[in-house]
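Participant: If it helps, the file is called work-v6.pdb and holds PDB, C-alpha atoms:
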```pdb
ATOM      1  CA  MET A   1      24.294   0.920   2.653  1.00  0.00           C
ATOM      2  CA  VAL A   2      20.703   1.493   3.681  1.00  0.00           C
ATOM      3  CA  SER A   3      20.464   4.875   5.323  1.00  0.00           C
ATOM      4  CA  GLU A   4      18.161   5.972   8.090  1.00  0.00           C
ATOM      5  CA  GLN A   5      15.123   7.377   6.310  1.00  0.00           C
ATOM      6  CA  ALA A   6      13.271  10.318   7.797  1.00  0.00           C
ATOM      7  CA  THR A   7       9.879   9.518   9.225  1.00  0.00           C
ATOM      8  CA  ASN A   8       7.059  11.984   9.284  1.00  0.00           C
ATOM      9  CA  GLY A   9       6.916  11.881  13.070  1.00  0.00           C
ATOM     10  CA  ALA A  10       3.121  11.689  13.120  1.00  0.00           C
ATOM     11  CA  THR A  11       1.757  12.685  16.491  1.00  0.00           C
ATOM     12  CA  GLY A  12      -1.562  13.651  17.968  1.00  0.00           C
ATOM     13  CA  SER A  13      -4.838  12.959  16.251  1.00  0.00           C
ATOM     14  CA  SER A  14      -4.584  12.191  12.563  1.00  0.00           C
ATOM     15  CA  PRO A  15      -7.181  11.469   9.915  1.00  0.00           C
ATOM     16  CA  LEU A  16      -5.005   8.541   8.863  1.00  0.00           C
ATOM     17  CA  PRO A  17      -5.390   5.134  10.524  1.00  0.00           C
ATOM     18  CA  ASP A  18      -2.536   3.433  12.308  1.00  0.00           C
ATOM     19  CA  LEU A  19      -1.181   0.006  11.347  1.00  0.00           C
ATOM     20  CA  ASP A  20      -2.812  -1.363  14.481  1.00  0.00           C
ATOM     21  CA  THR A  21      -5.226  -3.939  13.055  1.00  0.00           C
ATOM     22  CA  ARG A  22      -4.901  -6.922  10.758  1.00  0.00           C
ATOM     23  CA  GLU A  23      -7.225  -5.157   8.292  1.00  0.00           C
ATOM     24  CA  HIS A  24      -4.983  -2.070   8.119  1.00  0.00           C
ATOM     25  CA  ILE A  25      -1.861  -4.200   7.683  1.00  0.00           C
ATOM     26  CA  GLU A  26      -3.485  -6.196   4.889  1.00  0.00           C
ATOM     27  CA  ARG A  27      -4.537  -2.986   3.135  1.00  0.00           C
ATOM     28  CA  PHE A  28      -1.023  -1.567   3.527  1.00  0.00           C
ATOM     29  CA  VAL A  29       0.605  -4.672   2.021  1.00  0.00           C
ATOM     30  CA  ASP A  30      -1.762  -4.472  -0.965  1.00  0.00           C
ATOM     31  CA  GLN A  31      -0.976  -0.752  -1.426  1.00  0.00           C
ATOM     32  CA  PHE A  32       2.764  -1.320  -1.073  1.00  0.00           C
ATOM     33  CA  TYR A  33       2.901  -4.200  -3.544  1.00  0.00           C
ATOM     34  CA  ALA A  34       0.734  -2.323  -6.047  1.00  0.00           C
ATOM     35  CA  ARG A  35       3.422   0.372  -6.075  1.00  0.00           C
ATOM     36  CA  LEU A  36       6.347  -2.085  -6.167  1.00  0.00           C
ATOM     37  CA  LEU A  37       4.878  -3.940  -9.109  1.00  0.00           C
ATOM     38  CA  GLU A  38       4.601  -0.712 -11.108  1.00  0.00           C
ATOM     39  CA  ASP A  39       8.278   0.107 -10.573  1.00  0.00           C
ATOM     40  CA  SER A  40      10.610  -0.512 -13.507  1.00  0.00           C
ATOM     41  CA  VAL A  41      13.478  -1.612 -11.232  1.00  0.00           C
ATOM     42  CA  LEU A  42      11.790  -3.653  -8.497  1.00  0.00           C
ATOM     43  CA  ALA A  43       8.919  -5.229 -10.443  1.00  0.00           C
ATOM     44  CA  PRO A  44      11.238  -7.410 -12.576  1.00  0.00           C
ATOM     45  CA  ILE A  45      12.922  -8.726  -9.413  1.00  0.00           C
ATOM     46  CA  PHE A  46       9.583  -9.840  -7.994  1.00  0.00           C
ATOM     47  CA  VAL A  47       7.949 -10.982 -11.227  1.00  0.00           C
ATOM     48  CA  GLU A  48      10.724 -12.291 -13.476  1.00  0.00           C
ATOM     49  CA  VAL A  49      13.516 -13.302 -11.106  1.00  0.00           C
ATOM     50  CA  ALA A  50      11.562 -14.469  -8.046  1.00  0.00           C
ATOM     51  CA  GLY A  51       8.505 -15.530 -10.047  1.00  0.00           C
ATOM     52  CA  VAL A  52       6.254 -14.311  -7.244  1.00  0.00           C
ATOM     53  CA  ASP A  53       2.702 -15.650  -7.324  1.00  0.00           C
ATOM     54  CA  LEU A  54       0.851 -12.849  -5.537  1.00  0.00           C
ATOM     55  CA  ALA A  55      -1.979 -15.158  -4.481  1.00  0.00           C
ATOM     56  CA  VAL A  56       0.592 -17.159  -2.496  1.00  0.00           C
ATOM     57  CA  HIS A  57       3.095 -14.418  -1.614  1.00  0.00           C
ATOM     58  CA  LEU A  58       0.847 -11.651  -0.267  1.00  0.00           C
ATOM     59  CA  PRO A  59      -0.778 -13.757   2.478  1.00  0.00           C
ATOM     60  CA  HIS A  60       2.740 -14.619   3.734  1.00  0.00           C
ATOM     61  CA  ILE A  61       3.740 -10.950   3.745  1.00  0.00           C
ATOM     62  CA  LYS A  62       0.532  -9.979   5.547  1.00  0.00           C
ATOM     63  CA  ASP A  63       1.249 -12.653   8.165  1.00  0.00           C
ATOM     64  CA  TYR A  64       4.852 -11.420   8.454  1.00  0.00           C
ATOM     65  CA  TRP A  65       3.892  -7.816   9.156  1.00  0.00           C
ATOM     66  CA  SER A  66       1.044  -8.877  11.453  1.00  0.00           C
ATOM     67  CA  LYS A  67       3.604 -10.863  13.440  1.00  0.00           C
ATOM     68  CA  LEU A  68       5.994  -7.908  13.639  1.00  0.00           C
ATOM     69  CA  LEU A  69       3.404  -5.235  14.444  1.00  0.00           C
ATOM     70  CA  LEU A  70       0.657  -7.124  16.278  1.00  0.00           C
ATOM     71  CA  GLY A  71       2.466 -10.135  17.711  1.00  0.00           C
ATOM     72  CA  GLU A  72       0.432 -12.628  15.676  1.00  0.00           C
ATOM     73  CA  ARG A  73       2.091 -16.018  15.288  1.00  0.00           C
ATOM     74  CA  ASP A  74       0.946 -17.127  11.820  1.00  0.00           C
ATOM     75  CA  TYR A  75       4.249 -16.419  10.046  1.00  0.00           C
ATOM     76  CA  GLN A  76       6.744 -19.270  10.446  1.00  0.00           C
ATOM     77  CA  ARG A  77       9.064 -18.885   7.441  1.00  0.00           C
ATOM     78  CA  HIS A  78      12.746 -17.887   7.407  1.00  0.00           C
ATOM     79  CA  THR A  79      12.934 -14.705   5.322  1.00  0.00           C
ATOM     80  CA  MET A  80      16.724 -14.614   5.078  1.00  0.00           C
ATOM     81  CA  ASN A  81      16.916 -18.025   3.401  1.00  0.00           C
ATOM     82  CA  ILE A  82      14.244 -17.009   0.905  1.00  0.00           C
ATOM     83  CA  HIS A  83      16.199 -13.879  -0.007  1.00  0.00           C
ATOM     84  CA  ARG A  84      19.513 -15.764  -0.232  1.00  0.00           C
ATOM     85  CA  VAL A  85      17.988 -17.940  -2.969  1.00  0.00           C
ATOM     86  CA  LEU A  86      16.765 -14.824  -4.776  1.00  0.00           C
ATOM     87  CA  HIS A  87      20.185 -13.168  -4.369  1.00  0.00           C
ATOM     88  CA  GLY A  88      21.742 -16.235  -6.017  1.00  0.00           C
ATOM     89  CA  LYS A  89      19.558 -15.700  -9.073  1.00  0.00           C
ATOM     90  CA  ARG A  90      20.071 -11.940  -9.304  1.00  0.00           C
ATOM     91  CA  GLN A  91      22.384 -10.007  -7.008  1.00  0.00           C
ATOM     92  CA  LEU A  92      20.399  -7.726  -4.729  1.00  0.00           C
ATOM     93  CA  ARG A  93      22.296  -4.427  -4.665  1.00  0.00           C
ATOM     94  CA  PRO A  94      22.324  -1.640  -2.052  1.00  0.00           C
ATOM     95  CA  GLU A  95      20.250   0.561  -4.350  1.00  0.00           C
ATOM     96  CA  ASP A  96      17.571  -2.166  -4.526  1.00  0.00           C
ATOM     97  CA  PHE A  97      17.229  -2.101  -0.745  1.00  0.00           C
ATOM     98  CA  GLU A  98      17.164   1.722  -0.716  1.00  0.00           C
ATOM     99  CA  ARG A  99      14.448   1.739  -3.372  1.00  0.00           C
ATOM    100  CA  TRP A 100      12.388  -0.915  -1.551  1.00  0.00           C
ATOM    101  CA  LEU A 101      12.678   1.059   1.694  1.00  0.00           C
ATOM    102  CA  SER A 102      11.741   4.319  -0.006  1.00  0.00           C
ATOM    103  CA  PHE A 103       8.563   2.732  -1.393  1.00  0.00           C
ATOM    104  CA  PHE A 104       7.783   1.207   2.000  1.00  0.00           C
ATOM    105  CA  ILE A 105       8.162   4.460   3.917  1.00  0.00           C
ATOM    106  CA  SER A 106       6.345   6.607   1.370  1.00  0.00           C
ATOM    107  CA  THR A 107       3.445   4.134   1.266  1.00  0.00           C
ATOM    108  CA  VAL A 108       3.163   4.185   5.047  1.00  0.00           C
ATOM    109  CA  ASP A 109       3.373   7.992   5.145  1.00  0.00           C
ATOM    110  CA  ALA A 110       0.708   8.391   2.452  1.00  0.00           C
ATOM    111  CA  HIS A 111      -1.872   6.188   4.152  1.00  0.00           C
ATOM    112  CA  TYR A 112      -1.065   5.637   7.854  1.00  0.00           C
ATOM    113  CA  ALA A 113       0.013   7.511  10.959  1.00  0.00           C
ATOM    114  CA  GLY A 114       0.546   6.549  14.554  1.00  0.00           C
ATOM    115  CA  PRO A 115       2.854   4.528  16.785  1.00  0.00           C
ATOM    116  CA  ARG A 116       2.573   1.272  14.834  1.00  0.00           C
ATOM    117  CA  ALA A 117       3.083   3.052  11.503  1.00  0.00           C
ATOM    118  CA  GLU A 118       6.241   4.629  12.907  1.00  0.00           C
ATOM    119  CA  ARG A 119       7.348   1.238  14.241  1.00  0.00           C
ATOM    120  CA  ALA A 120       6.756  -0.344  10.821  1.00  0.00           C
ATOM    121  CA  LYS A 121       9.095   2.201   9.230  1.00  0.00           C
ATOM    122  CA  ARG A 122      11.788   1.609  11.856  1.00  0.00           C
ATOM    123  CA  VAL A 123      11.488  -2.162  11.502  1.00  0.00           C
ATOM    124  CA  ALA A 124      11.595  -1.953   7.687  1.00  0.00           C
ATOM    125  CA  THR A 125      14.734   0.198   7.885  1.00  0.00           C
ATOM    126  CA  THR A 126      16.398  -2.382  10.129  1.00  0.00           C
ATOM    127  CA  ILE A 127      15.283  -5.293   7.945  1.00  0.00           C
ATOM    128  CA  ALA A 128      16.612  -3.653   4.778  1.00  0.00           C
ATOM    129  CA  ALA A 129      19.960  -2.825   6.416  1.00  0.00           C
ATOM    130  CA  ASN A 130      20.372  -6.294   7.923  1.00  0.00           C
ATOM    131  CA  MET A 131      19.409  -8.079   4.732  1.00  0.00           C
ATOM    132  CA  GLU A 132      21.702  -5.903   2.628  1.00  0.00           C
ATOM    133  CA  LYS A 133      24.604  -6.533   5.021  1.00  0.00           C
ATOM    134  CA  ALA A 134      23.991 -10.291   5.137  1.00  0.00           C
ATOM    135  CA  LEU A 135      23.832 -10.628   1.350  1.00  0.00           C
ATOM    136  CA  GLN A 136      26.889  -8.535   0.460  1.00  0.00           C
TER
END
```
How does this structure look as structure tokens?
Facilitator:
Amino acid sequence: MVSEQATNGATGSSPLPDLDTREHIERFVDQFYARLLEDSVLAPIFVEVAGVDLAVHLPHIKDYWSKLLLGERDYQRHTMNIHRVLHGKRQLRPEDFERWLSFFISTVDAHYAGPRAERAKRVATTIAANMEKALQ
């Protein structure tokens, strides 16, 4: 089961930006996916099993996180249904969710700090746990 990951608890002034603008969220998504697609475990899920076309997929993910962190309304898809289809092609295991979450949190911690960055990590932890539970 997805565990609660430690956050860095960033407080005060930081040289790192927060995930408080669309531009920062878009940069984060690009950084996060660059790392995921280099991973020997997760990359095949995205590339071979899901057949992700990054030119199509990344704008959806940027809209998704902008909705969650900024309240933007551009994202209208149902993420659970999308992942159920993927799970039918290749079972998504607890360790896949843990790995995804680890990459998410470490990417945030490396590049961002502030209230929205902390919120992103909490939301990602909840998403991973809920998705894992729903698909098992």
Participant: What's around Phe46 of chain A at 10 Å? Count only C-alpha atoms, leave out sequence neighbours fewer than 4 positions away in its own chain, and write the answer as an NGL selection string.
Facilitator: :A and (33 or 36-37 or 41-42 or 50-54 or 86)
Participant: List, as a PyMOL selection string, every residue that the PyMOL selection byres ((chain A and resi 126-132) around 7) selects in the file provided.
Facilitator: chain A and resi 1-2+94+97+101+122-125+133-136
Participant: Can you pull out the residues contacting Lys121 of chain A? Cut-off 8 Å, using all atoms listed in the file, and skip same-chain residues under 3 positions away; I want them as a ChimeraX atom specification.
Facilitator: /A:7,104-105,108,117-118,124-125
Participant: Go ahead and write the selection's residues with C-alpha atoms as a PDB file, keeping the file's coordinate frame.
Facilitator:
```
ATOM      1  CA  THR A   7       9.879   9.518   9.225  1.00  0.00           C
ATOM      2  CA  PHE A 104       7.783   1.207   2.000  1.00  0.00           C
ATOM      3  CA  ILE A 105       8.162   4.460   3.917  1.00  0.00           C
ATOM      4  CA  VAL A 108       3.163   4.185   5.047  1.00  0.00           C
ATOM      5  CA  ALA A 117       3.083   3.052  11.503  1.00  0.00           C
ATOM      6  CA  GLU A 118       6.241   4.629  12.907  1.00  0.00           C
ATOM      7  CA  ALA A 124      11.595  -1.953   7.687  1.00  0.00           C
ATOM      8  CA  THR A 125      14.734   0.198   7.885  1.00  0.00           C
TER       9      THR A 125
END
```
Participant: Kindly resolve the PyMOL selection byres ((chain A and resi 62) around 12) on the present coordinates and return the residues as a PyMOL selection string.
Facilitator: chain A and resi 19+21-33+54-61+63-70+72-75
Participant: Calculate how many Å separate atom CA of Asp20 of chain A from atom CA of Glu95 of chain A, rounding to one decimal.
Facilitator: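 Atom-to-atom, atom CA of Asp20 of chain A and atom CA of Glu95 of chain A are spaced 29.8 Å apart.
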Participant: Can you work out which one of A:Gln91, A:Pro115, A:Arg99, A:Thr79 has the shortest atom-to-atom distance to Arg35 of chain A, counting all atoms listed in the file?
Facilitator: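 Once distances to Arg35 of chain A are computed over all atoms listed in the file, the minimum belongs to A:Arg99.
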Participant: Expressed in Å to a single decimal, how great is the separation between atom CA of Met80 of chain A and atom CA of Leu92 of chain A?
Facilitator: 12.5 Å
Participant: Atom CA of Ala110 of chain A and atom CA of Glu98 of chain A are how many Å apart?
Facilitator: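 So the two atoms, atom CA of Ala110 of chain A and atom CA of Glu98 of chain A, lie 18.0 Å apart.
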Participant: Could you add N, CA and C atoms to segment 50-86 of chain A and give me the result as an mmCIF file, in the coordinates of the input?
Facilitator:
```
data_model
loop_
_atom_site.group_PDB
_atom_site.id
_atom_site.type_symbol
_atom_site.label_atom_id
_atom_site.label_comp_id
_atom_site.auth_asym_id
_atom_site.auth_seq_id
_atom_site.Cartn_x
_atom_site.Cartn_y
_atom_site.Cartn_z
ATOM 1 N N ALA A 50 12.129 -13.670 -9.139
ATOM 2 C CA ALA A 50 11.562 -14.469 -8.046
ATOM 3 C C ALA A 50 10.350 -15.275 -8.501
ATOM 4 N N GLY A 51 9.703 -14.836 -9.577
ATOM 5 C CA GLY A 51 8.505 -15.530 -10.047
ATOM 6 C C GLY A 51 7.404 -15.542 -8.999
ATOM 7 N N VAL A 52 7.217 -14.411 -8.335
ATOM 8 C CA VAL A 52 6.254 -14.311 -7.244
ATOM 9 C C VAL A 52 4.829 -14.536 -7.759
ATOM 10 N N ASP A 53 4.134 -15.447 -7.109
ATOM 11 C CA ASP A 53 2.702 -15.650 -7.324
ATOM 12 C C ASP A 53 2.017 -14.865 -6.210
ATOM 13 N N LEU A 54 1.415 -13.732 -6.558
ATOM 14 C CA LEU A 54 0.851 -12.849 -5.537
ATOM 15 C C LEU A 54 -0.198 -13.534 -4.677
ATOM 16 N N ALA A 55 -0.950 -14.458 -5.250
ATOM 17 C CA ALA A 55 -1.979 -15.158 -4.481
ATOM 18 C C ALA A 55 -1.360 -15.980 -3.349
ATOM 19 N N VAL A 56 -0.129 -16.402 -3.526
ATOM 20 C CA VAL A 56 0.592 -17.159 -2.496
ATOM 21 C C VAL A 56 1.443 -16.221 -1.638
ATOM 22 N N HIS A 57 2.123 -15.283 -2.287
ATOM 23 C CA HIS A 57 3.095 -14.418 -1.614
ATOM 24 C C HIS A 57 2.452 -13.415 -0.651
ATOM 25 N N LEU A 58 1.419 -12.720 -1.096
ATOM 26 C CA LEU A 58 0.847 -11.651 -0.267
ATOM 27 C C LEU A 58 0.309 -12.144 1.077
ATOM 28 N N PRO A 59 -0.362 -13.290 1.146
ATOM 29 C CA PRO A 59 -0.778 -13.757 2.478
ATOM 30 C C PRO A 59 0.410 -13.982 3.422
ATOM 31 N N HIS A 60 1.542 -14.449 2.896
ATOM 32 C CA HIS A 60 2.740 -14.619 3.734
ATOM 33 C C HIS A 60 3.241 -13.267 4.243
ATOM 34 N N ILE A 61 3.254 -12.281 3.357
ATOM 35 C CA ILE A 61 3.740 -10.950 3.745
ATOM 36 C C ILE A 61 2.796 -10.313 4.758
ATOM 37 N N LYS A 62 1.512 -10.506 4.580
ATOM 38 C CA LYS A 62 0.532 -9.979 5.547
ATOM 39 C C LYS A 62 0.717 -10.645 6.906
ATOM 40 N N ASP A 63 0.970 -11.947 6.906
ATOM 41 C CA ASP A 63 1.249 -12.653 8.165
ATOM 42 C C ASP A 63 2.542 -12.141 8.803
ATOM 43 N N TYR A 64 3.559 -11.897 7.963
ATOM 44 C CA TYR A 64 4.852 -11.420 8.454
ATOM 45 C C TYR A 64 4.702 -10.083 9.183
ATOM 46 N N TRP A 65 4.042 -9.128 8.540
ATOM 47 C CA TRP A 65 3.892 -7.816 9.156
ATOM 48 C C TRP A 65 2.918 -7.845 10.326
ATOM 49 N N SER A 66 1.940 -8.721 10.300
ATOM 50 C CA SER A 66 1.044 -8.877 11.453
ATOM 51 C C SER A 66 1.805 -9.454 12.642
ATOM 52 N N LYS A 67 2.755 -10.327 12.376
ATOM 53 C CA LYS A 67 3.604 -10.863 13.440
ATOM 54 C C LYS A 67 4.462 -9.745 14.033
ATOM 55 N N LEU A 68 5.089 -8.958 13.164
ATOM 56 C CA LEU A 68 5.994 -7.908 13.639
ATOM 57 C C LEU A 68 5.269 -6.783 14.364
ATOM 58 N N LEU A 69 4.090 -6.403 13.884
ATOM 59 C CA LEU A 69 3.404 -5.235 14.444
ATOM 60 C C LEU A 69 2.341 -5.578 15.481
ATOM 61 N N LEU A 70 1.757 -6.768 15.378
ATOM 62 C CA LEU A 70 0.657 -7.124 16.278
ATOM 63 C C LEU A 70 0.972 -8.318 17.179
ATOM 64 N N GLY A 71 2.104 -8.973 16.912
ATOM 65 C CA GLY A 71 2.466 -10.135 17.711
ATOM 66 C C GLY A 71 1.758 -11.416 17.306
ATOM 67 N N GLU A 72 1.083 -11.403 16.147
ATOM 68 C CA GLU A 72 0.432 -12.628 15.676
ATOM 69 C C GLU A 72 1.489 -13.678 15.367
ATOM 70 N N ARG A 73 1.118 -14.932 15.417
ATOM 71 C CA ARG A 73 2.091 -16.018 15.288
ATOM 72 C C ARG A 73 1.918 -16.849 14.022
ATOM 73 N N ASP A 74 1.217 -16.344 13.025
ATOM 74 C CA ASP A 74 0.946 -17.127 11.820
ATOM 75 C C ASP A 74 2.157 -17.288 10.911
ATOM 76 N N TYR A 75 3.098 -16.365 10.951
ATOM 77 C CA TYR A 75 4.249 -16.419 10.046
ATOM 78 C C TYR A 75 5.338 -17.285 10.655
ATOM 79 N N GLN A 76 5.743 -18.335 9.929
ATOM 80 C CA GLN A 76 6.744 -19.270 10.446
ATOM 81 C C GLN A 76 7.900 -19.497 9.472
ATOM 82 N N ARG A 77 8.031 -18.669 8.455
ATOM 83 C CA ARG A 77 9.064 -18.885 7.441
ATOM 84 C C ARG A 77 10.357 -18.162 7.819
ATOM 85 N N HIS A 78 11.451 -18.521 7.164
ATOM 86 C CA HIS A 78 12.746 -17.887 7.407
ATOM 87 C C HIS A 78 13.048 -16.957 6.227
ATOM 88 N N THR A 79 12.821 -15.664 6.424
ATOM 89 C CA THR A 79 12.934 -14.705 5.322
ATOM 90 C C THR A 79 14.342 -14.606 4.756
ATOM 91 N N MET A 80 15.355 -14.750 5.587
ATOM 92 C CA MET A 80 16.724 -14.614 5.078
ATOM 93 C C MET A 80 17.040 -15.704 4.064
ATOM 94 N N ASN A 81 16.656 -16.934 4.348
ATOM 95 C CA ASN A 81 16.916 -18.025 3.401
ATOM 96 C C ASN A 81 16.214 -17.791 2.071
ATOM 97 N N ILE A 82 15.000 -17.298 2.122
ATOM 98 C CA ILE A 82 14.244 -17.009 0.905
ATOM 99 C C ILE A 82 14.988 -15.966 0.070
ATOM 100 N N HIS A 83 15.505 -14.944 0.718
ATOM 101 C CA HIS A 83 16.199 -13.879 -0.007
ATOM 102 C C HIS A 83 17.600 -14.296 -0.460
ATOM 103 N N ARG A 84 18.221 -15.230 0.236
ATOM 104 C CA ARG A 84 19.513 -15.764 -0.232
ATOM 105 C C ARG A 84 19.343 -16.478 -1.572
ATOM 106 N N VAL A 85 18.273 -17.252 -1.702
ATOM 107 C CA VAL A 85 17.988 -17.940 -2.969
ATOM 108 C C VAL A 85 17.780 -16.907 -4.073
ATOM 109 N N LEU A 86 17.004 -15.885 -3.795
ATOM 110 C CA LEU A 86 16.765 -14.824 -4.776
ATOM 111 C C LEU A 86 18.073 -14.127 -5.142
#
```
